[in-house]
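For reference, the structure discussed in these notes is given below.
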Amino acid sequence: MKEQLLKLKNEVIEKLSKISNENDLRELEIKYLGRKGELTTILRELKNLSEEEKKIIGALSNETKQYLEQKFEEKLNELKNKKLDQDLKESIDYTLPGKKYEFGHLHPITILQQRVETIFSQMGFSVMDGPEIESEWYNFEGLNIPSTHPARDMQDTFFIDQEADDKHGNLVLRTHTSPVQVRTMLKYGAPLRVIVPGRVFRNEATDARHEHTFDQVEGLCVDENISLSHLKGVMQEFLTRLFEKEVKVRFRPGFFPFVEPGLELDFSCLLCAGKGCKVCKNIGWLEFMGAGMVHENVLKAGKIDPKKYQGWAFGFGLTRLALMRYEIDDIRHLMTPNLQFLKQF
Ligand code: FA5
């Protein structure tokens with residue numbers, strides 16, 4: 001019987017290795033371990049053995065039974081896992097196109113701002129920052145615009161019902177980047193060469209060229225023997241590098257309370273190079289920015305000696321520049337989250 005059990009065990013192991021589906025496995029199990037199975041048949045013979053043999057063969061047959069039961073269970077698990085793998089493979093269609101991941105990119109204003117910063121940095125200017133929520137004093141009085149002065153009407157803003165920490169009047173949303181002029185002078189003194197890109201706000205009805213929230217770039221240069229010819233040279237170089245073509249600039253008289261003399265700077269039309277076309281309305285020039293020699297009172301507000309130092313300042317609209325640079329027909333596109341528009345840059 002011992003040999004019979006061993007033979008049966010080897011037979012089952014051999015057959016198990018060839019089984020490839022659950023049905024065949026079940027049939028094999030019934031055939032050998034079932035109630036009328038071959039192992040049971042062998043065990044029925046036990047009663048014909050002596051007590052001594054019964055003990056030994058009984059233990060051996062139990063051992064064989066447990067061993068085979070375990071092998072059947074292992075085989076069942078193996079088949080189930082194989083089926084799972086198969087199902088998974090069939091549920092994936094490898095011919096489908098892959099998932100496309102969307103990557104964002106910088107906003108056109110940021111791209112342009114970085115370019116502006118690079119060009120001015122190359123010309124020896126530092127890049128400064130200032131608060132968007134500003135005290136009335138820095139936004140107006142420090143720039144020679146007293147509260148009763150009609151020039152305040154030029155830049156209507158949003159007033160905040162809260163006093164500034166520095167007790168310089170109430171807080172306002174800054175209407176221009178010019179307040180950083182005085183802040184920079186107070187912090188660093190003269191000589192100075194800085195630009196200040198930043199967001200500004202005005203209480204303004206919007207149209208294709210006007211926003212209530214837009215970006216400006218301030219420029220300030222303070223030193224001994226500084227004149228407007230330096231400004232002309234710097235701006236001509238800046239615009240030529242930015243547009244990658246020869247650009248000329250011209251001055252026209254302009255009024256800003258914080259500069260004296262004040263001026264407006266135009267540059268030659270990029271399309272017709274000054275000859276006159278639809279874009280420049282046949283003038284040959286495009287309006288660009290306000291500028292001028294820093295007013296004595298502003299230098300004094302910045303604790304700089306006007307007898308020793310002079311300087312010029314300018315302020316241009318970065319948002320308006322983006323309209324020219326990218327040929328955008330309406331400024332309001334730049335503030336929308338319209339991806340169709342933004343993806344073009
Ligand atoms: C000023 O803001 C002065 N601070 C500029 C300055 C600085 C002059 C230093 C002298 C010395 P102005 O209000 O013109 O000036 O605005 C400057 C630029 O901002 C304009 O040329 C224009 O490009 C842009 N700008 C003004 N208002 C708007 C608006 N509502 N929407 C978009 N851009 C605007």
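Simple scheme: letters A, B, ... for chains in structure tokens order, numbers from 1 for residues in each chain, numbers from 1 for ligands in the order shown.
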Around ligand 1, at most 6 Å away and counting only C-alpha atoms and all ligand atoms, which residues are there? Put them as a ChimeraX atom specification, please. /A:176,178,209-212,214,216,256,259,288-292,313-317,320
Identify all residues of stretch 129-192 of chain A in strand (DSSP E or B) (DSSP on the backbone) and supply them as a PDB file with all heavy atoms, in the first residue's frame.
ATOM      1  N   ILE A 133      -0.602  97.930  -2.789  1.00  0.00           N
ATOM      2  CA  ILE A 133      -1.460  98.736  -1.911  1.00  0.00           C
ATOM      3  C   ILE A 133      -0.529  99.739  -1.244  1.00  0.00           C
ATOM      4  O   ILE A 133       0.331  99.376  -0.446  1.00  0.00           O
ATOM      5  CB  ILE A 133      -2.190  97.864  -0.873  1.00  0.00           C
ATOM      6  CG1 ILE A 133      -3.032  96.814  -1.602  1.00  0.00           C
ATOM      7  CG2 ILE A 133      -3.069  98.719   0.023  1.00  0.00           C
ATOM      8  CD1 ILE A 133      -3.736  95.846  -0.698  1.00  0.00           C
ATOM      9  N   GLU A 134      -0.699 100.984  -1.634  1.00  0.00           N
ATOM     10  CA  GLU A 134       0.289 102.021  -1.329  1.00  0.00           C
ATOM     11  C   GLU A 134      -0.347 103.085  -0.424  1.00  0.00           C
ATOM     12  O   GLU A 134      -1.579 103.198  -0.361  1.00  0.00           O
ATOM     13  CB  GLU A 134       0.720 102.602  -2.682  1.00  0.00           C
ATOM     14  CG  GLU A 134       1.838 103.567  -2.698  1.00  0.00           C
ATOM     15  CD  GLU A 134       3.090 103.085  -1.972  1.00  0.00           C
ATOM     16  OE1 GLU A 134       3.070 103.148  -0.735  1.00  0.00           O
ATOM     17  OE2 GLU A 134       4.080 102.692  -2.616  1.00  0.00           O
ATOM     18  N   SER A 135       0.485 103.848   0.279  1.00  0.00           N
ATOM     19  CA  SER A 135      -0.098 104.954   1.056  1.00  0.00           C
ATOM     20  C   SER A 135      -0.319 106.135   0.112  1.00  0.00           C
ATOM     21  O   SER A 135       0.402 106.300  -0.882  1.00  0.00           O
ATOM     22  CB  SER A 135       0.833 105.340   2.203  1.00  0.00           C
ATOM     23  OG  SER A 135       1.960 106.007   1.700  1.00  0.00           O
ATOM     24  N   PHE A 159      -9.864 103.845  -3.300  1.00  0.00           N
ATOM     25  CA  PHE A 159      -9.372 104.198  -1.966  1.00  0.00           C
ATOM     26  C   PHE A 159      -9.786 103.124  -0.964  1.00  0.00           C
ATOM     27  O   PHE A 159     -10.889 102.583  -1.045  1.00  0.00           O
ATOM     28  CB  PHE A 159      -9.937 105.556  -1.541  1.00  0.00           C
ATOM     29  CG  PHE A 159      -9.301 106.689  -2.298  1.00  0.00           C
ATOM     30  CD1 PHE A 159      -9.742 107.038  -3.569  1.00  0.00           C
ATOM     31  CD2 PHE A 159      -8.227 107.393  -1.754  1.00  0.00           C
ATOM     32  CE1 PHE A 159      -9.140 108.062  -4.278  1.00  0.00           C
ATOM     33  CE2 PHE A 159      -7.623 108.425  -2.456  1.00  0.00           C
ATOM     34  CZ  PHE A 159      -8.086 108.761  -3.724  1.00  0.00           C
ATOM     35  N   ILE A 160      -8.892 102.830  -0.039  1.00  0.00           N
ATOM     36  CA  ILE A 160      -9.183 101.820   0.981  1.00  0.00           C
ATOM     37  C   ILE A 160      -9.429 102.548   2.293  1.00  0.00           C
ATOM     38  O   ILE A 160      -8.682 103.462   2.661  1.00  0.00           O
ATOM     39  CB  ILE A 160      -8.021 100.816   1.102  1.00  0.00           C
ATOM     40  CG1 ILE A 160      -7.925 100.021  -0.206  1.00  0.00           C
ATOM     41  CG2 ILE A 160      -8.214  99.882   2.296  1.00  0.00           C
ATOM     42  CD1 ILE A 160      -6.718  99.162  -0.332  1.00  0.00           C
ATOM     43  N   ASP A 161     -10.485 102.135   2.965  1.00  0.00           N
ATOM     44  CA  ASP A 161     -10.903 102.843   4.168  1.00  0.00           C
ATOM     45  C   ASP A 161     -10.031 102.417   5.356  1.00  0.00           C
ATOM     46  O   ASP A 161     -10.536 101.896   6.341  1.00  0.00           O
ATOM     47  CB  ASP A 161     -12.382 102.505   4.429  1.00  0.00           C
ATOM     48  CG  ASP A 161     -13.013 103.563   5.314  1.00  0.00           C
ATOM     49  OD1 ASP A 161     -12.370 104.608   5.538  1.00  0.00           O
ATOM     50  OD2 ASP A 161     -14.144 103.322   5.781  1.00  0.00           O
ATOM     51  N   GLN A 162      -8.738 102.622   5.234  1.00  0.00           N
ATOM     52  CA  GLN A 162      -7.821 102.201   6.298  1.00  0.00           C
ATOM     53  C   GLN A 162      -6.547 103.029   6.214  1.00  0.00           C
ATOM     54  O   GLN A 162      -6.025 103.263   5.114  1.00  0.00           O
ATOM     55  CB  GLN A 162      -7.471 100.718   6.102  1.00  0.00           C
ATOM     56  CG  GLN A 162      -6.690 100.141   7.259  1.00  0.00           C
ATOM     57  CD  GLN A 162      -6.233  98.723   6.924  1.00  0.00           C
ATOM     58  OE1 GLN A 162      -6.935  97.944   6.300  1.00  0.00           O
ATOM     59  NE2 GLN A 162      -5.026  98.390   7.341  1.00  0.00           N
ATOM     60  N   GLU A 163      -6.080 103.451   7.383  1.00  0.00           N
ATOM     61  CA  GLU A 163      -4.886 104.289   7.391  1.00  0.00           C
ATOM     62  C   GLU A 163      -3.643 103.435   7.115  1.00  0.00           C
ATOM     63  O   GLU A 163      -3.574 102.282   7.550  1.00  0.00           O
ATOM     64  CB  GLU A 163      -4.743 104.967   8.751  1.00  0.00           C
ATOM     65  CG  GLU A 163      -3.788 106.150   8.696  1.00  0.00           C
ATOM     66  CD  GLU A 163      -3.612 106.819  10.067  1.00  0.00           C
ATOM     67  OE1 GLU A 163      -4.178 106.301  11.048  1.00  0.00           O
ATOM     68  OE2 GLU A 163      -2.908 107.812  10.132  1.00  0.00           O
ATOM     69  N   ASN A 170      -4.369 107.536   4.029  1.00  0.00           N
ATOM     70  CA  ASN A 170      -5.045 106.249   3.857  1.00  0.00           C
ATOM     71  C   ASN A 170      -4.341 105.395   2.809  1.00  0.00           C
ATOM     72  O   ASN A 170      -3.479 105.869   2.084  1.00  0.00           O
ATOM     73  CB  ASN A 170      -6.487 106.488   3.417  1.00  0.00           C
ATOM     74  CG  ASN A 170      -7.406 106.579   4.610  1.00  0.00           C
ATOM     75  OD1 ASN A 170      -6.947 106.797   5.736  1.00  0.00           O
ATOM     76  ND2 ASN A 170      -8.689 106.437   4.382  1.00  0.00           N
ATOM     77  N   LEU A 171      -4.751 104.133   2.749  1.00  0.00           N
ATOM     78  CA  LEU A 171      -4.198 103.249   1.715  1.00  0.00           C
ATOM     79  C   LEU A 171      -4.979 103.421   0.411  1.00  0.00           C
ATOM     80  O   LEU A 171      -6.184 103.653   0.426  1.00  0.00           O
ATOM     81  CB  LEU A 171      -4.297 101.792   2.171  1.00  0.00           C
ATOM     82  CG  LEU A 171      -3.381 101.399   3.331  1.00  0.00           C
ATOM     83  CD1 LEU A 171      -3.737 100.009   3.837  1.00  0.00           C
ATOM     84  CD2 LEU A 171      -1.913 101.426   2.888  1.00  0.00           C
ATOM     85  N   VAL A 172      -4.272 103.299  -0.704  1.00  0.00           N
ATOM     86  CA  VAL A 172      -4.922 103.314  -2.021  1.00  0.00           C
ATOM     87  C   VAL A 172      -4.306 102.195  -2.860  1.00  0.00           C
ATOM     88  O   VAL A 172      -3.202 101.753  -2.577  1.00  0.00           O
ATOM     89  CB  VAL A 172      -4.689 104.659  -2.771  1.00  0.00           C
ATOM     90  CG1 VAL A 172      -5.362 105.816  -2.076  1.00  0.00           C
ATOM     91  CG2 VAL A 172      -3.207 104.932  -2.984  1.00  0.00           C
ATOM     92  N   LEU A 173      -5.054 101.767  -3.873  1.00  0.00           N
ATOM     93  CA  LEU A 173      -4.413 100.869  -4.846  1.00  0.00           C
ATOM     94  C   LEU A 173      -3.573 101.790  -5.729  1.00  0.00           C
ATOM     95  O   LEU A 173      -4.096 102.758  -6.278  1.00  0.00           O
ATOM     96  CB  LEU A 173      -5.460 100.139  -5.687  1.00  0.00           C
ATOM     97  CG  LEU A 173      -6.366  99.162  -4.951  1.00  0.00           C
ATOM     98  CD1 LEU A 173      -7.156  98.319  -5.940  1.00  0.00           C
ATOM     99  CD2 LEU A 173      -5.553  98.246  -4.045  1.00  0.00           C
ATOM    100  N   LEU A 192      21.680 106.110  -8.547  1.00  0.00           N
ATOM    101  CA  LEU A 192      20.659 105.056  -8.683  1.00  0.00           C
ATOM    102  C   LEU A 192      20.380 104.744 -10.144  1.00  0.00           C
ATOM    103  O   LEU A 192      20.374 105.654 -10.968  1.00  0.00           O
ATOM    104  CB  LEU A 192      19.338 105.592  -8.141  1.00  0.00           C
ATOM    105  CG  LEU A 192      18.860 105.287  -6.741  1.00  0.00           C
ATOM    106  CD1 LEU A 192      17.481 105.859  -6.593  1.00  0.00           C
ATOM    107  CD2 LEU A 192      18.846 103.797  -6.467  1.00  0.00           C
TER     108      LEU A 192
END
Contacts of A:Cys269 within 10 Å, only C-alpha atoms, excl. fewer than 2 positions in-chain, as a ChimeraX atom specification: /A:247-249,266-267,271-277,279-287
Test item: residues at most 8 Å from A:Glu117, only C-alpha atoms, excluding those fewer than 4 positions along its chain, as a list of chain:residue names: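 Within the cut-off, the hits are A:Gln113, A:Ser121, A:Val127, A:Ile195.
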Could you list, as a PyMOL selection string, every residue within 12 Å of A:Phe255, counting only C-alpha atoms and ignoring same-chain residues fewer than 5 positions away? chain A and resi 151+154+260-265+289-293+295
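Here atom CA of A:Pro150 stands at a distance of 22.6 Å from atom CA of A:Thr206.
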Backbone-only DSSP, helix (DSSP H, G or I) members of stretch 6-243 of chain A, as number ranges by chain: A: 6-18, 22-33, 38-48, 51-91, 108-122, 136-139, 141-143, 150-154, 179-188, 228-243
Show me, as an MDAnalysis selection string, the residues that have an atom within 12 Å of A:Glu224 when counting only C-alpha atoms, minus same-chain residues fewer than 2 positions from it. chainID A and resid 190:192 221:222 226:227 304:312
Using atom CA of A:Gly302 and atom CA of A:Leu186 as the two end points, give the distance in Å to one decimal.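 That distance, rounded to one decimal, is 4.9 Å.
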Name the residues in contact with stretch 30-46 of chain A at a cut-off of 12 Å, using only C-alpha atoms, excluding same-chain residues fewer than 5 positions from it; report them as an MDAnalysis selection string. chainID A and resid 1:13 15:16 23:25 51:72
